[in-house]
$ cat protein.tsv   # TSV, C-alpha atoms
chain	number	residue	atom	x	y	z
M	1	MET	CA	151.28	87.00	121.64
M	2	THR	CA	148.24	84.82	121.15
M	3	ARG	CA	145.86	87.73	121.79
M	4	ARG	CA	147.62	89.79	119.13
M	5	HIS	CA	147.26	86.95	116.62
M	6	LEU	CA	143.61	86.62	117.55
M	7	GLY	CA	143.13	90.33	116.89
M	8	LEU	CA	144.78	89.97	113.49
M	9	LEU	CA	142.44	87.08	112.61
M	10	LEU	CA	139.29	88.99	113.53
M	11	GLY	CA	140.62	92.13	111.89
M	12	ALA	CA	141.22	90.28	108.63
M	13	VAL	CA	137.58	89.20	108.51
M	14	LEU	CA	136.30	92.71	109.21
M	15	LEU	CA	138.63	94.36	106.70
M	16	ALA	CA	137.82	91.85	103.95
M	17	LEU	CA	134.12	92.73	103.78
M	18	PRO	CA	134.36	96.41	102.78
M	19	CYS	CA	137.33	95.81	100.47
M	20	LEU	CA	135.46	93.16	98.50
M	21	ALA	CA	132.44	95.40	98.03
M	22	GLY	CA	134.18	97.20	95.17
M	23	ALA	CA	135.20	94.10	93.23
M	24	GLU	CA	133.92	93.60	89.68
M	25	GLU	CA	130.58	91.84	89.36
M	26	VAL	CA	129.44	89.58	86.58
M	27	LYS	CA	126.12	90.46	84.95
M	28	ALA	CA	124.48	87.10	85.54
M	29	ILE	CA	125.23	87.24	89.25
M	30	VAL	CA	124.30	90.90	89.61
M	31	SER	CA	120.93	90.13	88.02
M	32	GLN	CA	120.28	87.84	90.98
M	33	GLY	CA	121.24	90.56	93.48
M	34	LEU	CA	124.55	88.93	94.47
M	35	SER	CA	127.55	91.24	94.68
M	36	SER	CA	131.09	90.12	95.42
M	37	GLN	CA	130.58	91.08	99.05
M	38	LYS	CA	127.47	88.90	99.27
M	39	ILE	CA	129.26	86.04	97.52
M	40	PHE	CA	132.01	86.31	100.12
M	41	THR	CA	129.43	86.22	102.91
M	42	LEU	CA	127.72	83.14	101.47
M	43	LEU	CA	131.00	81.31	100.91
M	44	PHE	CA	132.14	82.33	104.39
M	45	LEU	CA	129.02	80.73	105.81
M	46	THR	CA	129.40	77.51	103.85
M	47	LEU	CA	133.20	77.13	103.82
M	48	GLY	CA	134.29	79.47	106.58
M	49	PRO	CA	136.08	78.92	109.88
M	50	ILE	CA	133.30	79.25	112.45
M	51	LYS	CA	132.04	75.69	112.06
M	52	ILE	CA	135.52	74.13	112.16
M	53	LEU	CA	136.67	75.47	115.53
M	54	VAL	CA	134.97	72.94	117.81
M	55	PRO	CA	135.71	69.83	115.64
M	56	PHE	CA	139.37	70.82	115.24
M	57	VAL	CA	139.84	71.39	118.97
M	58	ARG	CA	138.15	68.05	119.69
M	59	VAL	CA	140.35	66.18	117.23
M	60	THR	CA	143.65	67.79	118.27
M	61	ARG	CA	143.13	67.88	122.03
M	62	GLY	CA	146.46	67.20	123.72
M	63	SER	CA	148.54	67.35	120.52
M	64	GLU	CA	151.61	69.49	119.92
M	65	PRO	CA	151.41	72.88	118.09
M	66	ALA	CA	153.68	71.57	115.32
M	67	PHE	CA	151.31	68.68	114.64
M	68	ARG	CA	148.29	71.02	114.61
M	69	ARG	CA	150.06	73.25	112.08
M	70	ARG	CA	150.82	70.31	109.75
M	71	LEU	CA	147.28	68.98	110.12
M	72	ALA	CA	145.72	72.38	109.37
M	73	THR	CA	147.97	72.93	106.34
M	74	ARG	CA	147.14	69.53	104.85
M	75	ALA	CA	143.42	70.05	105.48
M	76	VAL	CA	143.44	73.38	103.65
M	77	LEU	CA	145.36	71.91	100.70
M	78	PHE	CA	142.92	68.99	100.46
M	79	SER	CA	140.01	71.45	100.64
M	80	ALA	CA	141.40	73.65	97.86
M	81	ALA	CA	141.93	70.65	95.58
M	82	ALA	CA	138.44	69.31	96.28
M	83	LEU	CA	136.77	72.66	95.54
M	84	LEU	CA	138.76	73.07	92.32
M	85	VAL	CA	137.70	69.64	91.06
M	86	ALA	CA	134.09	70.16	92.16
M	87	GLY	CA	133.88	73.58	90.51
M	88	LEU	CA	135.24	72.36	87.17
M	89	MET	CA	133.23	69.13	87.05
M	90	GLY	CA	130.03	70.70	88.34
M	91	GLN	CA	130.14	73.56	85.86
M	92	ARG	CA	130.69	71.20	82.94
M	93	MET	CA	127.81	68.95	84.00
M	94	LEU	CA	125.36	71.82	84.48
M	95	GLN	CA	126.32	73.33	81.11
M	96	ASN	CA	125.82	69.97	79.38
M	97	PHE	CA	122.26	69.88	80.70
M	98	ASP	CA	121.75	73.45	79.36
M	99	ILE	CA	120.09	74.71	82.55
M	100	PRO	CA	118.90	78.36	82.23
M	101	VAL	CA	120.50	80.89	84.58
M	102	PRO	CA	117.24	81.79	86.41
M	103	ILE	CA	116.58	78.11	87.16
M	104	LEU	CA	120.14	77.63	88.35
M	105	ALA	CA	119.92	80.73	90.54
M	106	LEU	CA	116.56	79.56	91.91
M	107	THR	CA	118.16	76.26	92.87
M	108	GLY	CA	121.03	78.07	94.54
M	109	GLY	CA	118.67	80.33	96.48
M	110	LEU	CA	116.67	77.34	97.67
M	111	VAL	CA	119.83	75.52	98.79
M	112	LEU	CA	121.12	78.60	100.62
M	113	PHE	CA	117.77	79.19	102.29
M	114	LEU	CA	117.46	75.61	103.54
M	115	ILE	CA	121.06	75.58	104.78
M	116	ALA	CA	120.59	78.82	106.72
M	117	LEU	CA	117.29	77.67	108.17
M	118	GLN	CA	118.79	74.39	109.33
M	119	THR	CA	121.77	76.23	110.84
M	120	LEU	CA	119.52	78.60	112.76
M	121	LEU	CA	117.35	75.79	114.08
M	122	GLN	CA	120.41	73.86	115.24
M	123	GLN	CA	121.42	76.81	117.40
M	124	PHE	CA	118.38	76.19	119.57
M	125	SER	CA	118.29	72.38	119.45
M	126	ASP	CA	119.55	70.05	122.11
M	127	THR	CA	123.19	69.50	121.16
M	128	VAL	CA	124.25	67.63	124.30
M	129	ARG	CA	125.92	64.37	123.30
M	130	PRO	CA	127.67	61.68	125.28
M	131	PRO	CA	131.46	62.11	125.26
M	132	ALA	CA	133.15	60.19	122.47
M	133	GLU	CA	136.09	57.91	123.08
M	134	ALA	CA	139.44	59.62	122.71
M	135	VAL	CA	141.23	58.75	119.47
M	136	ALA	CA	144.87	59.57	118.85
M	137	PRO	CA	145.01	62.23	116.09
M	138	THR	CA	146.82	61.38	112.85
M	139	LEU	CA	147.61	63.33	109.69
M	140	ALA	CA	145.09	61.14	107.84
M	141	MET	CA	142.39	63.16	109.61
M	142	ALA	CA	143.30	66.13	107.42
M	143	ALA	CA	141.27	64.62	104.59
M	144	ASN	CA	138.50	63.15	106.72
M	145	PRO	CA	136.89	64.51	108.85
M	146	ILE	CA	138.55	67.94	108.73
M	147	ALA	CA	138.72	68.79	105.01
M	148	PHE	CA	135.55	66.85	104.20
M	149	PRO	CA	132.91	67.25	105.41
M	150	THR	CA	133.87	69.91	108.00
M	151	ILE	CA	135.48	72.55	105.76
M	152	VAL	CA	134.22	71.44	102.35
M	153	THR	CA	130.59	70.86	103.21
M	154	PRO	CA	128.15	69.47	100.62
M	155	TYR	CA	126.37	72.83	100.53
M	156	GLY	CA	129.73	74.59	100.19
M	157	ILE	CA	130.40	72.52	97.08
M	158	ALA	CA	126.92	73.38	95.78
M	159	ALA	CA	127.50	77.10	96.33
M	160	THR	CA	130.88	76.96	94.58
M	161	ILE	CA	129.46	75.15	91.56
M	162	ILE	CA	126.56	77.58	91.27
M	163	PHE	CA	128.74	80.70	91.47
M	164	VAL	CA	131.27	79.36	88.96
M	165	THR	CA	128.48	78.35	86.56
M	166	LEU	CA	126.75	81.73	86.85
M	167	ALA	CA	130.03	83.39	85.90
M	168	HIS	CA	129.84	81.69	82.46
M	169	ASP	CA	132.96	82.63	80.46
M	170	ASP	CA	133.80	85.72	82.54
M	171	PHE	CA	137.32	84.80	83.63
M	172	ASN	CA	137.64	87.95	85.71
M	173	MET	CA	134.67	86.92	87.82
M	174	LYS	CA	135.96	83.36	88.10
M	175	PHE	CA	139.25	84.81	89.29
M	176	VAL	CA	137.38	86.85	91.91
M	177	ILE	CA	135.47	83.77	93.08
M	178	GLY	CA	138.70	81.77	93.27
M	179	GLY	CA	140.35	84.57	95.23
M	180	LEU	CA	137.46	84.68	97.68
M	181	ILE	CA	137.66	80.92	98.21
M	182	LEU	CA	141.43	81.12	98.83
M	183	LEU	CA	140.88	83.97	101.29
M	184	ILE	CA	138.31	81.93	103.20
M	185	LEU	CA	140.60	78.88	103.24
M	186	ALA	CA	143.36	81.11	104.62
M	187	LEU	CA	140.99	82.21	107.37
M	188	ASP	CA	140.20	78.54	107.99
M	189	TRP	CA	143.91	77.85	108.44
M	190	LEU	CA	144.32	80.75	110.86
M	191	ALA	CA	141.24	79.65	112.78
M	192	MET	CA	142.62	76.12	113.16
M	193	MET	CA	145.99	77.44	114.28
M	194	PHE	CA	144.42	79.46	117.10
M	195	ALA	CA	141.23	77.46	117.63
M	196	HIS	CA	141.98	76.71	121.29
M	197	VAL	CA	142.53	80.40	122.09
M	198	ILE	CA	139.53	81.56	120.05
M	199	LEU	CA	137.10	79.21	121.77
M	200	ARG	CA	138.50	80.08	125.17
M	201	TYR	CA	137.96	83.83	124.80
M	202	CYS	CA	135.37	84.27	122.03
M	203	GLY	CA	133.24	81.11	122.00
M	204	THR	CA	129.97	82.81	122.94
M	205	LEU	CA	130.62	85.81	120.70
M	206	LEU	CA	131.19	83.54	117.70
M	207	GLN	CA	127.91	81.74	118.36
M	208	VAL	CA	126.05	85.06	118.25
M	209	PHE	CA	127.96	86.05	115.11
M	210	ALA	CA	127.00	82.76	113.44
M	211	VAL	CA	123.31	83.38	114.18
M	212	VAL	CA	123.48	86.90	112.72
M	213	LEU	CA	125.14	85.60	109.56
M	214	GLY	CA	122.56	82.82	109.35
M	215	VAL	CA	119.70	85.31	109.42
M	216	ASN	CA	121.33	87.26	106.61
M	217	GLN	CA	121.76	84.07	104.62
M	218	VAL	CA	118.06	83.25	104.98
M	219	ALA	CA	117.19	86.70	103.64
M	220	LEU	CA	119.66	86.42	100.76
M	221	GLY	CA	118.35	83.00	99.83
M	222	LEU	CA	114.80	84.34	99.70
M	223	LEU	CA	115.95	87.34	97.65
M	224	VAL	CA	117.65	85.14	95.07
M	225	MET	CA	114.57	82.90	94.77
M	226	LEU	CA	112.21	85.89	94.36
M	227	ARG	CA	114.42	87.50	91.71
M	228	SER	CA	114.66	84.20	89.84
M	229	LEU	CA	110.91	83.67	89.90
M	230	SER	CA	110.48	87.23	88.66
M	231	GLN	CA	112.85	86.59	85.74
M	232	ILE	CA	110.98	83.42	84.86
M	233	GLY	CA	107.85	85.58	84.58
M	234	LEU	CA	105.71	84.31	87.44
M	235	PHE	CA	105.31	87.82	88.84
M	236	THR	CA	106.86	91.28	88.72
M	237	MET	CA	109.23	92.04	91.53
M	238	GLN	CA	109.20	95.64	92.78
M	239	LEU	CA	111.55	95.40	95.75
M	240	ARG	CA	114.21	98.08	95.93
$ encode --input "protein.tsv" --output "structure tokens"
Amino acid sequence: MTRRHLGLLLGAVLLALPCLAGAEEVKAIVSQGLSSQKIFTLLFLTLGPIKILVPFVRVTRGSEPAFRRRLATRAVLFSAAALLVAGLMGQRMLQNFDIPVPILALTGGLVLFLIALQTLLQQFSDTVRPPAEAVAPTLAMAANPIAFPTIVTPYGIAATIIFVTLAHDDFNMKFVIGGLILLILALDWLAMMFAHVILRYCGTLLQVFAVVLGVNQVALGLLVMLRSLSQIGLFTMQLR
């Protein structure tokens, strides 16, 4: 039963990528070379389930499945509310400062590049730490440390604000972005529900997958920065 659920979780991720490739794209985001599929990939990296598996297993070690389900559900609800507030407030603040789209996209590309580079370097750093003292899990942990900063990372908030702001008044694109975020949060919930099984059978595979996604994020961050600099007029970009 658990293996079938694990297959459904991995299948959902694989099926989501090609389906999202045909979604409508907003002009401002397309001009930066970011399709809906790429937006999903970037949000998956910053808000997605890979980074939550180990912390959730550590926090809920020895707890009952019913408690883990309640904790995961509350964490996802807290995360959705936090991203909604951050997206609305961040967009309003950036618009009040009247920041041009190329500058905003350049900032987003720089943030994404630095995040991916840091993630890649951490894969090869010494991560051995002394064991922490066992703490009895409570539902209060859904807000901290699970929802924030594990699921809703600072760079995840930055990516959400940038994408929503680039969408301007295109409500269709904002709807697409919101749908992508909800899809990723649903994957987060599934990952937390089966985190113990996933790490037991696919821990090494997920580490390799995270590195591959990180490399793609580095490349996408560089692409966004180069396109933005080209739009500003510093040089003419001829990449195909």
$ residues_around --input "protein.tsv" --residues "M:Thr107" --least-positions-apart "6" --cutoff "12 Å" --atoms "all atoms listed in the file" --output "PyMOL selection string"
chain M and resi 32+94+99-101+113-114+155+158-159+161-163+166+221-222+224-229
$ residues_around --input "protein.tsv" --residues "stretch 70-76 of chain M" --least-positions-apart "5" --cutoff "7 Å" --atoms "all atoms listed in the file" --output "list in words"
Leu139, Ala142, Ala143, Ile146, Ala147, Leu185, Trp189 and Met192 of chain M
$ write_last_selection --input "protein.tsv" --atoms "C-alpha atoms" --output "PDB file, in the frame of the given file"
ATOM      1  CA  LEU M 139     147.610  63.330 109.690  1.00  0.00           C
ATOM      2  CA  ALA M 142     143.300  66.130 107.420  1.00  0.00           C
ATOM      3  CA  ALA M 143     141.270  64.620 104.590  1.00  0.00           C
ATOM      4  CA  ILE M 146     138.550  67.940 108.730  1.00  0.00           C
ATOM      5  CA  ALA M 147     138.720  68.790 105.010  1.00  0.00           C
ATOM      6  CA  LEU M 185     140.600  78.880 103.240  1.00  0.00           C
ATOM      7  CA  TRP M 189     143.910  77.850 108.440  1.00  0.00           C
ATOM      8  CA  MET M 192     142.620  76.120 113.160  1.00  0.00           C
TER       9      MET M 192
END
$ closest_residue --input "protein.tsv" --among "M:Ala81, M:Val152, M:Leu187, M:Leu112" --to "M:Ile39" --atoms "only C-alpha atoms"
M:Leu112
$ closest_residue --input "protein.tsv" --among "M:Ala66, M:Val59, M:Val208, M:Ala219" --to "M:Asn144" --atoms "all atoms listed in the file"
M:Val59
$ atom_distance --input "protein.tsv" --atom1 "atom CA of M:Gly109" --atom2 "atom CA of M:Leu206"
24.8 Å
